[in-house]
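*Asks:* This structure is in structure tokens; I'll ask about it shortly.
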Amino acid sequence: MNTLSFLFVTLELFFILRSSRAADTIRPSQYLRDGDTLVSSGGKFELGFFSLGNNSSRLYLGIWYKTIPVRTVVWVANRDKPILDTPGTLTINGTGCLLLLGRNQKVAWSSSQQARATTNPVAQLLDTGNFVVRSDEQKDSNSETGSSHYLWQSFDYIGDTFLPGMKLGTDLKTGLVRRMSAWKSPYDPSPGLLSFEIELNAYPEALMRKGSAKFFRNGPWNGLRFSGAPEMIPNVVFDFRFVANSEEVYYAYQPSNESIISIYKLNDTSGSGIRYIWIEAEKTWKTYLSVPRDYCDSYGLCGAHGICVIGDQFPVCQCLKGFTPKSPEQWNIMDWSDGCVRKKPLGCGIKDGFLKFDGLKVPDTTRTWVNKSMRLTDCRRNCLDNCSCMAYAKADVRGRGSGCVMWFGDLVDMRQIPVSDQELHIRVSLSEMSKDSNIGNGCNKEMQEGDVELPTFDITSVANATNNFSVDKKLGEGGFGPVYKGTLLDGQEIAVKRLSLSSRQGLNEFKNEVALMAKLQHRNLAKLFGCCIEGDERMLIYEYMSNKSLDFFIFDRAKGKLLEWSTRFHIILGIARGLLYLHQDSRLRIIHRDLKASNVLLDNEMNAKISDFGLARCFENNQTAANTTRVVGTYGYIAPEYAIGGLFSIKSDVFSFGVLLLEIVSGKRNRGFYHPSHDLNLIGHAWRLWKEGKPLEFIDDSLSKDFNYVSEMLRSIHVGLLCVQQEPDDRPNMSFAVLMLSSDTILPQPKKPGFFFG
């Protein structure tokens, strides 16, 4: 070959190589060198060489988002063996093996032990972020259905980042385990101590380890979500998937909208797993969720048969009913690791029974047995007949074919959670089972008159406390009757609700409030001290609230200025948590039916206390709604389906909460609201401004100085509009409302509200 011909061939080959590197593939005899990259067909991901920090002498091959200005590396090939002090080169040989070459063409990393040999191989970067080796005859595919045909894929070797479309779990046919492992540091991608995987117990569960020790447990998949992951409630942001069959067990997720960019990262330095969403307008990653969430997520914190509760109870670790601390001395100094032991020994068989618990993350599933087709009644019988079985539950909470899971040995790592579809039945001695246990007998037994254990006050002591019900002690008057301030002999300040003989609520409502309030205890509910029943007198004795009620402040222009945003938001969260307790976490499921600003009392620290349960109703555990021909409550707060059809449910309370939320943000009443340019009520006014993109105009003028909290105010308006949607099924339950208010969760768009005309 003459010189000119040789030069022509060389240049031709050079341009062929350069053009292939600008695309998404690399073929045998082609090389990707430091400075060159592959770009996926849609331009979403880029593969090439990079270094970390200022250490340019350590070179890695990785994949990152091309469309994001903040370089976010999602996969590293040679994470524990960087190329040192020399340019790197990537190629693929004739059998489909990827080779990463360093100094003197020495192999720094290869896929030789991973890939199946083939002819005519090609390596391709897909728009999912998956780097694959396939046969050149195989059709290009970004779909998951084609993944099994790849000869090798980076998605099988997850690093610290879990991308949509990846599978976290095990291929049971090949034994391939796909688990996450954190980087040692932001400048060292080699595997750190933190890992996250799906543990293959009989009842598989998501587990985070620190070294070999269990660090955080998301719990097993119950058909809808991981047991300990309340944030996985169905939403418009992510679709979650869990597969467990004879061939594979894995978890995967996808954003419901292709425009959402999301990653899940393990961070060894913070000891957490964090799901981020890219916010294009702000050019930053924003935290969607982070685990562990709080103290109670520490694995096994409360020991065997202990339950961790974040709330008003102290200590945070409590023994299950029927159990007592194994080491009281250690328990008292907040060392709960020894856990709890049974108060009464088990007798086995008919001498035992089961207490039902809900609102829990179910225990560690290391020692479990599962039958996917067994009915729950058969599950109970089998557990009762097996003296080693300590608890049972539905394996799948989705209706028919619930399946059976049974636990053996100690029950470890339980915590209270706001959302739970899975009831846990724990074995105890029959002697520990009583009518007031957490057994879910419902309202029929709880509401009997003889079942009320409440201190009684004599008429003389109440009269003395209120200066014989003098006018200057009168705090106000409602449908129940007048309310007086009083002071007992021990200095305790009280509020006395005195049933009027002409009260339109009457004796039944009095009994209803006594029966309910005697059973309910929560920091965001008004505390009932006792009652007085003598002759025709019927009185309720409550704790006194020095700051009166919420309407005393927010609807008064002068007093409203005293409520800065942080106080208002504190009140909002208090109301939400109190309502969540009524709907889900109390022994009874309570529908308040008259939630309004005047029924939210405020103590001296401005803590919200829901009051006035005369109109409340309780449901059986499996009851979700009821009808009545007597619609009660306050116009402006009543949900459409209740006002028109007499149908009330937890969702009718959610509507009332939404109205109250909008009133707190705006400082205006829904009922009687007037605007010179339209005939809408406060709900309609909020909806109109939201649709016009002007929600800031809805915020109370007195909050203008709290500009640092604008995003929190806008989120509150957003949640308020979600709560007052026309259709009950569109409204969130209170557990989701609390989650939306107290986190940065992406919110769905609200639909048309109900009753939005004046």
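By convention in this document, the chains of the structure tokens carry letters A, B, ... by their order, each chain's residues are numbered from 1, and ligands are numbered from 1 in the order they are shown.
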Mind the document's chain letters and residue numbers, and return as a PDB file with N, CA and C atoms, in the first residue's frame the residues of range 426-598 of chain A that DSSP labels helix (DSSP H, G or I).
*Replies:*
ATOM      1  N   LEU A 430     -55.062 -16.639  77.579  1.00  0.00           N
ATOM      2  CA  LEU A 430     -56.445 -16.177  77.610  1.00  0.00           C
ATOM      3  C   LEU A 430     -56.701 -15.214  78.763  1.00  0.00           C
ATOM      4  N   SER A 431     -55.968 -15.388  79.860  1.00  0.00           N
ATOM      5  CA  SER A 431     -56.171 -14.530  81.030  1.00  0.00           C
ATOM      6  C   SER A 431     -55.765 -13.086  80.765  1.00  0.00           C
ATOM      7  N   GLU A 432     -54.962 -12.852  79.701  1.00  0.00           N
ATOM      8  CA  GLU A 432     -54.530 -11.500  79.366  1.00  0.00           C
ATOM      9  C   GLU A 432     -55.490 -10.792  78.412  1.00  0.00           C
ATOM     10  N   CYS A 443     -67.464  -0.805  68.501  1.00  0.00           N
ATOM     11  CA  CYS A 443     -68.173   0.165  69.327  1.00  0.00           C
ATOM     12  C   CYS A 443     -69.263  -0.451  70.181  1.00  0.00           C
ATOM     13  N   ASN A 444     -69.904  -1.570  69.773  1.00  0.00           N
ATOM     14  CA  ASN A 444     -71.082  -2.093  70.491  1.00  0.00           C
ATOM     15  C   ASN A 444     -70.790  -2.388  71.943  1.00  0.00           C
ATOM     16  N   LYS A 445     -69.590  -2.965  72.207  1.00  0.00           N
ATOM     17  CA  LYS A 445     -69.242  -3.289  73.585  1.00  0.00           C
ATOM     18  C   LYS A 445     -68.682  -2.073  74.309  1.00  0.00           C
ATOM     19  N   GLU A 446     -67.919  -1.253  73.591  1.00  0.00           N
ATOM     20  CA  GLU A 446     -67.266  -0.123  74.235  1.00  0.00           C
ATOM     21  C   GLU A 446     -68.268   0.936  74.685  1.00  0.00           C
ATOM     22  N   GLU A 449     -73.240   1.598  78.784  1.00  0.00           N
ATOM     23  CA  GLU A 449     -73.133   2.526  79.906  1.00  0.00           C
ATOM     24  C   GLU A 449     -72.266   1.993  81.030  1.00  0.00           C
ATOM     25  N   GLY A 450     -72.372   0.721  81.295  1.00  0.00           N
ATOM     26  CA  GLY A 450     -71.610   0.142  82.391  1.00  0.00           C
ATOM     27  C   GLY A 450     -70.139   0.007  82.099  1.00  0.00           C
ATOM     28  N   ASP A 451     -69.712   0.368  80.873  1.00  0.00           N
ATOM     29  CA  ASP A 451     -68.323   0.202  80.481  1.00  0.00           C
ATOM     30  C   ASP A 451     -67.522   1.487  80.637  1.00  0.00           C
ATOM     31  N   ILE A 459     -72.199  17.661  92.868  1.00  0.00           N
ATOM     32  CA  ILE A 459     -72.697  18.957  92.430  1.00  0.00           C
ATOM     33  C   ILE A 459     -72.170  20.097  93.293  1.00  0.00           C
ATOM     34  N   THR A 460     -71.944  19.810  94.586  1.00  0.00           N
ATOM     35  CA  THR A 460     -71.474  20.868  95.491  1.00  0.00           C
ATOM     36  C   THR A 460     -70.082  21.345  95.118  1.00  0.00           C
ATOM     37  N   SER A 461     -69.152  20.387  94.839  1.00  0.00           N
ATOM     38  CA  SER A 461     -67.777  20.772  94.505  1.00  0.00           C
ATOM     39  C   SER A 461     -67.719  21.526  93.185  1.00  0.00           C
ATOM     40  N   VAL A 462     -68.578  21.162  92.226  1.00  0.00           N
ATOM     41  CA  VAL A 462     -68.595  21.864  90.938  1.00  0.00           C
ATOM     42  C   VAL A 462     -69.167  23.264  91.111  1.00  0.00           C
ATOM     43  N   ALA A 463     -70.220  23.383  91.921  1.00  0.00           N
ATOM     44  CA  ALA A 463     -70.813  24.700  92.171  1.00  0.00           C
ATOM     45  C   ALA A 463     -69.819  25.618  92.872  1.00  0.00           C
ATOM     46  N   ASN A 464     -69.112  25.087  93.861  1.00  0.00           N
ATOM     47  CA  ASN A 464     -68.103  25.895  94.554  1.00  0.00           C
ATOM     48  C   ASN A 464     -66.988  26.334  93.604  1.00  0.00           C
ATOM     49  N   ALA A 465     -66.584  25.440  92.713  1.00  0.00           N
ATOM     50  CA  ALA A 465     -65.494  25.743  91.779  1.00  0.00           C
ATOM     51  C   ALA A 465     -65.871  26.854  90.812  1.00  0.00           C
ATOM     52  N   VAL A 471     -72.306  34.376  86.399  1.00  0.00           N
ATOM     53  CA  VAL A 471     -72.205  34.899  85.036  1.00  0.00           C
ATOM     54  C   VAL A 471     -70.766  35.272  84.681  1.00  0.00           C
ATOM     55  N   ASP A 472     -70.027  35.800  85.676  1.00  0.00           N
ATOM     56  CA  ASP A 472     -68.655  36.209  85.375  1.00  0.00           C
ATOM     57  C   ASP A 472     -67.719  35.025  85.171  1.00  0.00           C
ATOM     58  N   LYS A 473     -68.186  33.814  85.467  1.00  0.00           N
ATOM     59  CA  LYS A 473     -67.396  32.608  85.204  1.00  0.00           C
ATOM     60  C   LYS A 473     -67.774  31.943  83.873  1.00  0.00           C
ATOM     61  N   GLY A 506     -79.271  17.154  74.032  1.00  0.00           N
ATOM     62  CA  GLY A 506     -79.983  16.262  74.918  1.00  0.00           C
ATOM     63  C   GLY A 506     -79.145  15.212  75.596  1.00  0.00           C
ATOM     64  N   LEU A 507     -79.832  14.328  76.312  1.00  0.00           N
ATOM     65  CA  LEU A 507     -79.178  13.347  77.161  1.00  0.00           C
ATOM     66  C   LEU A 507     -78.380  12.322  76.361  1.00  0.00           C
ATOM     67  N   ASN A 508     -78.868  11.936  75.186  1.00  0.00           N
ATOM     68  CA  ASN A 508     -78.142  10.937  74.387  1.00  0.00           C
ATOM     69  C   ASN A 508     -76.766  11.457  73.973  1.00  0.00           C
ATOM     70  N   GLU A 509     -76.708  12.743  73.584  1.00  0.00           N
ATOM     71  CA  GLU A 509     -75.426  13.319  73.206  1.00  0.00           C
ATOM     72  C   GLU A 509     -74.486  13.404  74.411  1.00  0.00           C
ATOM     73  N   PHE A 510     -75.056  13.714  75.584  1.00  0.00           N
ATOM     74  CA  PHE A 510     -74.258  13.747  76.804  1.00  0.00           C
ATOM     75  C   PHE A 510     -73.629  12.384  77.058  1.00  0.00           C
ATOM     76  N   LYS A 511     -74.438  11.335  77.011  1.00  0.00           N
ATOM     77  CA  LYS A 511     -73.923   9.977  77.224  1.00  0.00           C
ATOM     78  C   LYS A 511     -72.883   9.619  76.166  1.00  0.00           C
ATOM     79  N   ASN A 512     -73.143  10.060  74.940  1.00  0.00           N
ATOM     80  CA  ASN A 512     -72.218   9.764  73.842  1.00  0.00           C
ATOM     81  C   ASN A 512     -70.851  10.382  74.109  1.00  0.00           C
ATOM     82  N   GLU A 513     -70.854  11.639  74.532  1.00  0.00           N
ATOM     83  CA  GLU A 513     -69.586  12.317  74.779  1.00  0.00           C
ATOM     84  C   GLU A 513     -68.853  11.710  75.962  1.00  0.00           C
ATOM     85  N   VAL A 514     -69.584  11.361  77.019  1.00  0.00           N
ATOM     86  CA  VAL A 514     -68.964  10.729  78.184  1.00  0.00           C
ATOM     87  C   VAL A 514     -68.323   9.407  77.791  1.00  0.00           C
ATOM     88  N   ALA A 515     -69.089   8.580  77.074  1.00  0.00           N
ATOM     89  CA  ALA A 515     -68.593   7.250  76.714  1.00  0.00           C
ATOM     90  C   ALA A 515     -67.361   7.323  75.821  1.00  0.00           C
ATOM     91  N   LEU A 516     -67.379   8.262  74.866  1.00  0.00           N
ATOM     92  CA  LEU A 516     -66.240   8.376  73.956  1.00  0.00           C
ATOM     93  C   LEU A 516     -65.025   8.971  74.641  1.00  0.00           C
ATOM     94  N   MET A 517     -65.209  10.070  75.332  1.00  0.00           N
ATOM     95  CA  MET A 517     -64.072  10.769  75.914  1.00  0.00           C
ATOM     96  C   MET A 517     -63.405   9.967  77.020  1.00  0.00           C
ATOM     97  N   ASP A 551     -61.168  29.962  66.888  1.00  0.00           N
ATOM     98  CA  ASP A 551     -61.918  31.042  66.224  1.00  0.00           C
ATOM     99  C   ASP A 551     -61.766  32.362  66.963  1.00  0.00           C
ATOM    100  N   PHE A 552     -61.409  32.312  68.240  1.00  0.00           N
ATOM    101  CA  PHE A 552     -61.185  33.521  69.026  1.00  0.00           C
ATOM    102  C   PHE A 552     -60.046  34.344  68.435  1.00  0.00           C
ATOM    103  N   PHE A 553     -59.083  33.650  67.761  1.00  0.00           N
ATOM    104  CA  PHE A 553     -57.912  34.332  67.198  1.00  0.00           C
ATOM    105  C   PHE A 553     -58.042  34.594  65.704  1.00  0.00           C
ATOM    106  N   ILE A 554     -58.273  33.541  64.935  1.00  0.00           N
ATOM    107  CA  ILE A 554     -58.042  33.686  63.485  1.00  0.00           C
ATOM    108  C   ILE A 554     -59.070  34.556  62.780  1.00  0.00           C
ATOM    109  N   ARG A 557     -59.221  40.452  63.401  1.00  0.00           N
ATOM    110  CA  ARG A 557     -58.090  41.075  62.717  1.00  0.00           C
ATOM    111  C   ARG A 557     -56.969  41.434  63.679  1.00  0.00           C
ATOM    112  N   ALA A 558     -57.318  41.907  64.866  1.00  0.00           N
ATOM    113  CA  ALA A 558     -56.284  42.291  65.827  1.00  0.00           C
ATOM    114  C   ALA A 558     -55.627  41.067  66.441  1.00  0.00           C
ATOM    115  N   LYS A 559     -56.452  40.110  66.916  1.00  0.00           N
ATOM    116  CA  LYS A 559     -55.886  38.919  67.571  1.00  0.00           C
ATOM    117  C   LYS A 559     -55.197  38.005  66.563  1.00  0.00           C
ATOM    118  N   GLY A 560     -55.672  38.039  65.315  1.00  0.00           N
ATOM    119  CA  GLY A 560     -55.055  37.205  64.291  1.00  0.00           C
ATOM    120  C   GLY A 560     -53.596  37.539  64.066  1.00  0.00           C
ATOM    121  N   TRP A 565     -47.033  32.562  61.461  1.00  0.00           N
ATOM    122  CA  TRP A 565     -47.234  31.326  60.697  1.00  0.00           C
ATOM    123  C   TRP A 565     -46.759  30.078  61.444  1.00  0.00           C
ATOM    124  N   SER A 566     -45.634  30.149  62.122  1.00  0.00           N
ATOM    125  CA  SER A 566     -45.137  28.954  62.809  1.00  0.00           C
ATOM    126  C   SER A 566     -46.155  28.445  63.824  1.00  0.00           C
ATOM    127  N   THR A 567     -46.861  29.370  64.485  1.00  0.00           N
ATOM    128  CA  THR A 567     -47.900  28.963  65.442  1.00  0.00           C
ATOM    129  C   THR A 567     -49.095  28.363  64.714  1.00  0.00           C
ATOM    130  N   ARG A 568     -49.495  28.982  63.618  1.00  0.00           N
ATOM    131  CA  ARG A 568     -50.633  28.452  62.850  1.00  0.00           C
ATOM    132  C   ARG A 568     -50.327  27.052  62.323  1.00  0.00           C
ATOM    133  N   PHE A 569     -49.118  26.870  61.819  1.00  0.00           N
ATOM    134  CA  PHE A 569     -48.773  25.554  61.271  1.00  0.00           C
ATOM    135  C   PHE A 569     -48.694  24.507  62.383  1.00  0.00           C
ATOM    136  N   HIS A 570     -48.215  24.912  63.551  1.00  0.00           N
ATOM    137  CA  HIS A 570     -48.203  24.036  64.716  1.00  0.00           C
ATOM    138  C   HIS A 570     -49.625  23.604  65.074  1.00  0.00           C
ATOM    139  N   ILE A 571     -50.560  24.538  64.992  1.00  0.00           N
ATOM    140  CA  ILE A 571     -51.972  24.229  65.267  1.00  0.00           C
ATOM    141  C   ILE A 571     -52.528  23.286  64.204  1.00  0.00           C
ATOM    142  N   ILE A 572     -52.208  23.561  62.936  1.00  0.00           N
ATOM    143  CA  ILE A 572     -52.679  22.703  61.835  1.00  0.00           C
ATOM    144  C   ILE A 572     -52.229  21.260  62.046  1.00  0.00           C
ATOM    145  N   LEU A 573     -50.938  21.074  62.339  1.00  0.00           N
ATOM    146  CA  LEU A 573     -50.417  19.720  62.546  1.00  0.00           C
ATOM    147  C   LEU A 573     -51.060  19.065  63.758  1.00  0.00           C
ATOM    148  N   GLY A 574     -51.316  19.840  64.797  1.00  0.00           N
ATOM    149  CA  GLY A 574     -51.968  19.287  65.985  1.00  0.00           C
ATOM    150  C   GLY A 574     -53.361  18.786  65.675  1.00  0.00           C
ATOM    151  N   ILE A 575     -54.140  19.573  64.937  1.00  0.00           N
ATOM    152  CA  ILE A 575     -55.489  19.144  64.543  1.00  0.00           C
ATOM    153  C   ILE A 575     -55.410  17.879  63.692  1.00  0.00           C
ATOM    154  N   ALA A 576     -54.460  17.876  62.737  1.00  0.00           N
ATOM    155  CA  ALA A 576     -54.319  16.724  61.839  1.00  0.00           C
ATOM    156  C   ALA A 576     -53.983  15.456  62.616  1.00  0.00           C
ATOM    157  N   ARG A 577     -53.067  15.563  63.580  1.00  0.00           N
ATOM    158  CA  ARG A 577     -52.679  14.382  64.350  1.00  0.00           C
ATOM    159  C   ARG A 577     -53.802  13.912  65.266  1.00  0.00           C
ATOM    160  N   GLY A 578     -54.548  14.857  65.820  1.00  0.00           N
ATOM    161  CA  GLY A 578     -55.690  14.470  66.640  1.00  0.00           C
ATOM    162  C   GLY A 578     -56.738  13.745  65.831  1.00  0.00           C
ATOM    163  N   LEU A 579     -56.992  14.237  64.620  1.00  0.00           N
ATOM    164  CA  LEU A 579     -57.981  13.596  63.749  1.00  0.00           C
ATOM    165  C   LEU A 579     -57.492  12.234  63.271  1.00  0.00           C
ATOM    166  N   LEU A 580     -56.182  12.130  62.984  1.00  0.00           N
ATOM    167  CA  LEU A 580     -55.608  10.837  62.600  1.00  0.00           C
ATOM    168  C   LEU A 580     -55.788   9.814  63.720  1.00  0.00           C
ATOM    169  N   TYR A 581     -55.582  10.254  64.948  1.00  0.00           N
ATOM    170  CA  TYR A 581     -55.795   9.356  66.089  1.00  0.00           C
ATOM    171  C   TYR A 581     -57.240   8.873  66.137  1.00  0.00           C
ATOM    172  N   LEU A 582     -58.197   9.766  65.943  1.00  0.00           N
ATOM    173  CA  LEU A 582     -59.611   9.379  65.981  1.00  0.00           C
ATOM    174  C   LEU A 582     -59.943   8.382  64.875  1.00  0.00           C
ATOM    175  N   HIS A 583     -59.418   8.625  63.694  1.00  0.00           N
ATOM    176  CA  HIS A 583     -59.773   7.800  62.534  1.00  0.00           C
ATOM    177  C   HIS A 583     -59.052   6.465  62.509  1.00  0.00           C
ATOM    178  N   GLN A 584     -57.854   6.410  63.076  1.00  0.00           N
ATOM    179  CA  GLN A 584     -57.039   5.219  62.834  1.00  0.00           C
ATOM    180  C   GLN A 584     -56.361   4.636  64.065  1.00  0.00           C
ATOM    181  N   ASP A 585     -55.824   5.475  64.924  1.00  0.00           N
ATOM    182  CA  ASP A 585     -54.929   4.970  65.959  1.00  0.00           C
ATOM    183  C   ASP A 585     -55.587   4.686  67.299  1.00  0.00           C
ATOM    184  N   ALA A 597     -63.591  25.609  63.774  1.00  0.00           N
ATOM    185  CA  ALA A 597     -62.629  26.425  64.510  1.00  0.00           C
ATOM    186  C   ALA A 597     -63.005  26.582  65.981  1.00  0.00           C
ATOM    187  N   SER A 598     -64.296  26.690  66.281  1.00  0.00           N
ATOM    188  CA  SER A 598     -64.701  26.883  67.672  1.00  0.00           C
ATOM    189  C   SER A 598     -64.578  25.609  68.494  1.00  0.00           C
TER     190      SER A 598
END
*Asks:* Identify, on the basis of only C-alpha atoms, every residue whose closest approach to Val719 in chain A does not exceed 10 Å; exclude the query and any residue fewer than 5 positions from it along the same chain; express the result as a ChimeraX atom specification.
*Replies:* /A:657-658,661-662,713-714,724,731-732,736-738,740-741,747-750
*Asks:* Take CA of Phe619 in chain A and CA of Ser586 in chain A and report the distance between them in Å, one decimal.
*Replies:*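 Straight-line distance from CA of Phe619 in chain A to CA of Ser586 in chain A works out to 11.5 Å.
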*Asks:* Output as a tab-separated table one row per residue of range 327-434 of chain A within 8 Å of range 198-214 of chain A: the closest atom pair and its distance in Å to one decimal place, counting only C-alpha atoms, sorted by chain and residue number ascending.
*Replies:*
residue	atom	partner	partner_atom	distance
A:Thr365	CA	A:Tyr203	CA	6.1
A:Thr366	CA	A:Asn201	CA	5.7
A:Arg367	CA	A:Asn201	CA	7.6
A:Thr368	CA	A:Ala202	CA	5.9
A:Trp369	CA	A:Ala202	CA	5.8
A:Val370	CA	A:Ala202	CA	6.1
A:Val405	CA	A:Tyr203	CA	7.4
*Asks:* Could you write out that same residue set with N, CA, C and O atoms as a PDB file, in the first residue's frame?
*Replies:*
ATOM      1  N   THR A 365     -38.950 -10.962  59.822  1.00  0.00           N
ATOM      2  CA  THR A 365     -39.520 -12.178  59.226  1.00  0.00           C
ATOM      3  C   THR A 365     -38.511 -13.309  59.073  1.00  0.00           C
ATOM      4  O   THR A 365     -38.744 -14.254  58.315  1.00  0.00           O
ATOM      5  N   THR A 366     -37.387 -13.238  59.814  1.00  0.00           N
ATOM      6  CA  THR A 366     -36.362 -14.283  59.681  1.00  0.00           C
ATOM      7  C   THR A 366     -36.939 -15.663  59.947  1.00  0.00           C
ATOM      8  O   THR A 366     -36.627 -16.630  59.240  1.00  0.00           O
ATOM      9  N   ARG A 367     -37.792 -15.778  60.957  1.00  0.00           N
ATOM     10  CA  ARG A 367     -38.398 -17.071  61.293  1.00  0.00           C
ATOM     11  C   ARG A 367     -39.892 -17.002  61.024  1.00  0.00           C
ATOM     12  O   ARG A 367     -40.710 -16.738  61.911  1.00  0.00           O
ATOM     13  N   THR A 368     -40.236 -17.197  59.760  1.00  0.00           N
ATOM     14  CA  THR A 368     -41.642 -17.164  59.353  1.00  0.00           C
ATOM     15  C   THR A 368     -41.962 -18.337  58.446  1.00  0.00           C
ATOM     16  O   THR A 368     -41.069 -18.999  57.899  1.00  0.00           O
ATOM     17  N   TRP A 369     -43.252 -18.582  58.310  1.00  0.00           N
ATOM     18  CA  TRP A 369     -43.777 -19.602  57.390  1.00  0.00           C
ATOM     19  C   TRP A 369     -44.920 -18.962  56.630  1.00  0.00           C
ATOM     20  O   TRP A 369     -45.723 -18.219  57.212  1.00  0.00           O
ATOM     21  N   VAL A 370     -44.997 -19.216  55.316  1.00  0.00           N
ATOM     22  CA  VAL A 370     -46.003 -18.554  54.488  1.00  0.00           C
ATOM     23  C   VAL A 370     -46.754 -19.571  53.647  1.00  0.00           C
ATOM     24  O   VAL A 370     -46.155 -20.499  53.082  1.00  0.00           O
ATOM     25  N   VAL A 405     -49.238 -15.788  56.977  1.00  0.00           N
ATOM     26  CA  VAL A 405     -47.844 -15.761  57.422  1.00  0.00           C
ATOM     27  C   VAL A 405     -47.852 -15.970  58.930  1.00  0.00           C
ATOM     28  O   VAL A 405     -48.663 -15.376  59.643  1.00  0.00           O
TER      29      VAL A 405
END
*Asks:* Return the single residue from A:Pro255, A:Gly672, A:Pro728, A:Gly192 that is closest to Lys651 in chain A, with distances computed using only C-alpha atoms.
*Replies:*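 The shortest atom-to-atom distance to Lys651 in chain A comes from A:Pro728.
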*Asks:* What gap, in Å, lies between CA of Leu320 in chain A and CA of Thr377 in chain A?
*Replies:* 23.1 Å
*Asks:* At a cut-off of 9 Å, using only C-alpha atoms, what residues contact range 531-536 of chain A? Leave out same-chain residues fewer than 3 positions from it and give the result as a list in words.
*Replies:*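 Here the answer would be Leu454, Pro455, Thr456, Phe457, Asp458, Ile459, Val462, Leu501, Val514, Leu528, Met539, Leu540, Ile541 and Tyr542 of chain A.
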*Asks:* Would you pick out the contacts of Asn104 in chain A at 12 Å or less, using only C-alpha atoms, so that residues sharing its chain but fewer than 2 positions from it are not included, and give the list as a compact mmCIF listing (two decimals) with N, CA and C atoms, in the first residue's frame?
*Replies:*
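Written file, selection38.txt:
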# COMPACT_ATOMS: atom_id res chain seq x y z
N ILE A 83 -8.14 3.41 37.81
CA ILE A 83 -6.96 3.46 36.95
C ILE A 83 -6.08 4.59 37.46
N LEU A 84 -4.81 4.30 37.72
CA LEU A 84 -3.91 5.26 38.37
C LEU A 84 -2.95 5.89 37.38
N ASP A 85 -2.89 7.20 37.37
CA ASP A 85 -1.86 7.99 36.66
C ASP A 85 -1.71 7.63 35.19
N THR A 86 -2.81 7.31 34.54
CA THR A 86 -2.73 7.00 33.11
C THR A 86 -4.12 7.11 32.49
N PRO A 87 -4.19 7.47 31.22
CA PRO A 87 -5.50 7.49 30.56
C PRO A 87 -6.11 6.09 30.52
N GLY A 88 -7.42 6.01 30.56
CA GLY A 88 -8.10 4.73 30.48
C GLY A 88 -8.68 4.51 29.09
N THR A 89 -8.95 3.24 28.79
CA THR A 89 -9.52 2.87 27.50
C THR A 89 -10.55 1.77 27.72
N LEU A 100 -11.71 -2.87 30.43
CA LEU A 100 -11.26 -1.55 30.81
C LEU A 100 -9.75 -1.63 31.00
N LEU A 101 -9.01 -0.89 30.19
CA LEU A 101 -7.56 -1.01 30.15
C LEU A 101 -6.89 0.22 30.74
N GLY A 102 -5.80 -0.05 31.47
CA GLY A 102 -5.01 1.02 32.05
C GLY A 102 -3.63 1.06 31.45
N LYS A 106 -3.03 -3.03 30.58
CA LYS A 106 -3.38 -3.96 31.65
C LYS A 106 -4.86 -3.82 31.98
N VAL A 107 -5.55 -4.97 32.15
CA VAL A 107 -7.00 -4.96 32.41
C VAL A 107 -7.27 -4.53 33.85
N ALA A 108 -7.97 -3.40 34.01
CA ALA A 108 -8.35 -2.91 35.34
C ALA A 108 -9.71 -3.44 35.77
*Asks:* Extract, using only C-alpha atoms, all DNA, RNA and protein residues at most 10 Å from Ser420 in chain A, discarding same-chain residues fewer than 3 positions from it, and format them as a list in words.
*Replies:*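 So, after excluding close chain neighbours, the residues are Asn222, Arg225, Phe226, Ser227, Gly228, Ala229, Pro230, Ile233, Asp358, Gly359, Leu360, Lys361, Val362, Val397, Gln416, Ile417, Glu423, Gln584 and Ser735 of chain A.
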*Asks:* Find the spatial neighbours of range 636-642 of chain A, counting only C-alpha atoms, within a cut-off of 7 Å - ignore same-chain residues fewer than 2 positions away - and output them as a list in words.
*Replies:*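 Counting only C-alpha atoms, the residues come to Lys596, Gly633, Thr634, Ile644, Gly645, Gly646, Leu647, Phe648, Ser652, Phe655, Ser656, Val659, Asn670, Arg671, Gly754 and Phe755 of chain A.
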*Asks:* Please dump the current selection as a short mmCIF file (atom, residue, chain, number, x, y, z; two decimals), in the first residue's frame; keep C-alpha atoms.
*Replies:*
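The new file again-v9.cif reads:
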data_model
loop_
_atom_site.label_atom_id
_atom_site.label_comp_id
_atom_site.auth_asym_id
_atom_site.auth_seq_id
_atom_site.Cartn_x
_atom_site.Cartn_y
_atom_site.Cartn_z
CA LYS A 596 -64.71 23.54 63.20
CA GLY A 633 -72.93 19.73 62.34
CA THR A 634 -72.14 23.25 61.22
CA ILE A 644 -77.20 16.10 50.77
CA GLY A 645 -77.38 12.33 51.32
CA GLY A 646 -76.68 11.86 55.03
CA LEU A 647 -73.56 9.78 54.27
CA PHE A 648 -70.76 10.32 56.77
CA SER A 652 -66.47 13.79 55.63
CA PHE A 655 -63.54 17.72 54.21
CA SER A 656 -64.11 19.65 57.46
CA VAL A 659 -62.11 23.90 55.28
CA ASN A 670 -65.78 29.92 54.85
CA ARG A 671 -69.39 30.61 55.76
CA GLY A 754 -67.42 20.57 46.81
CA PHE A 755 -69.75 23.37 47.95
#
*Asks:* Nearest to Ala123 in chain A: which of A:Cys379, A:Val76, A:Leu32, A:Ala281 is it, counting only C-alpha atoms?
*Replies:*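 Closest to Ala123 in chain A, using only C-alpha atoms: A:Leu32.
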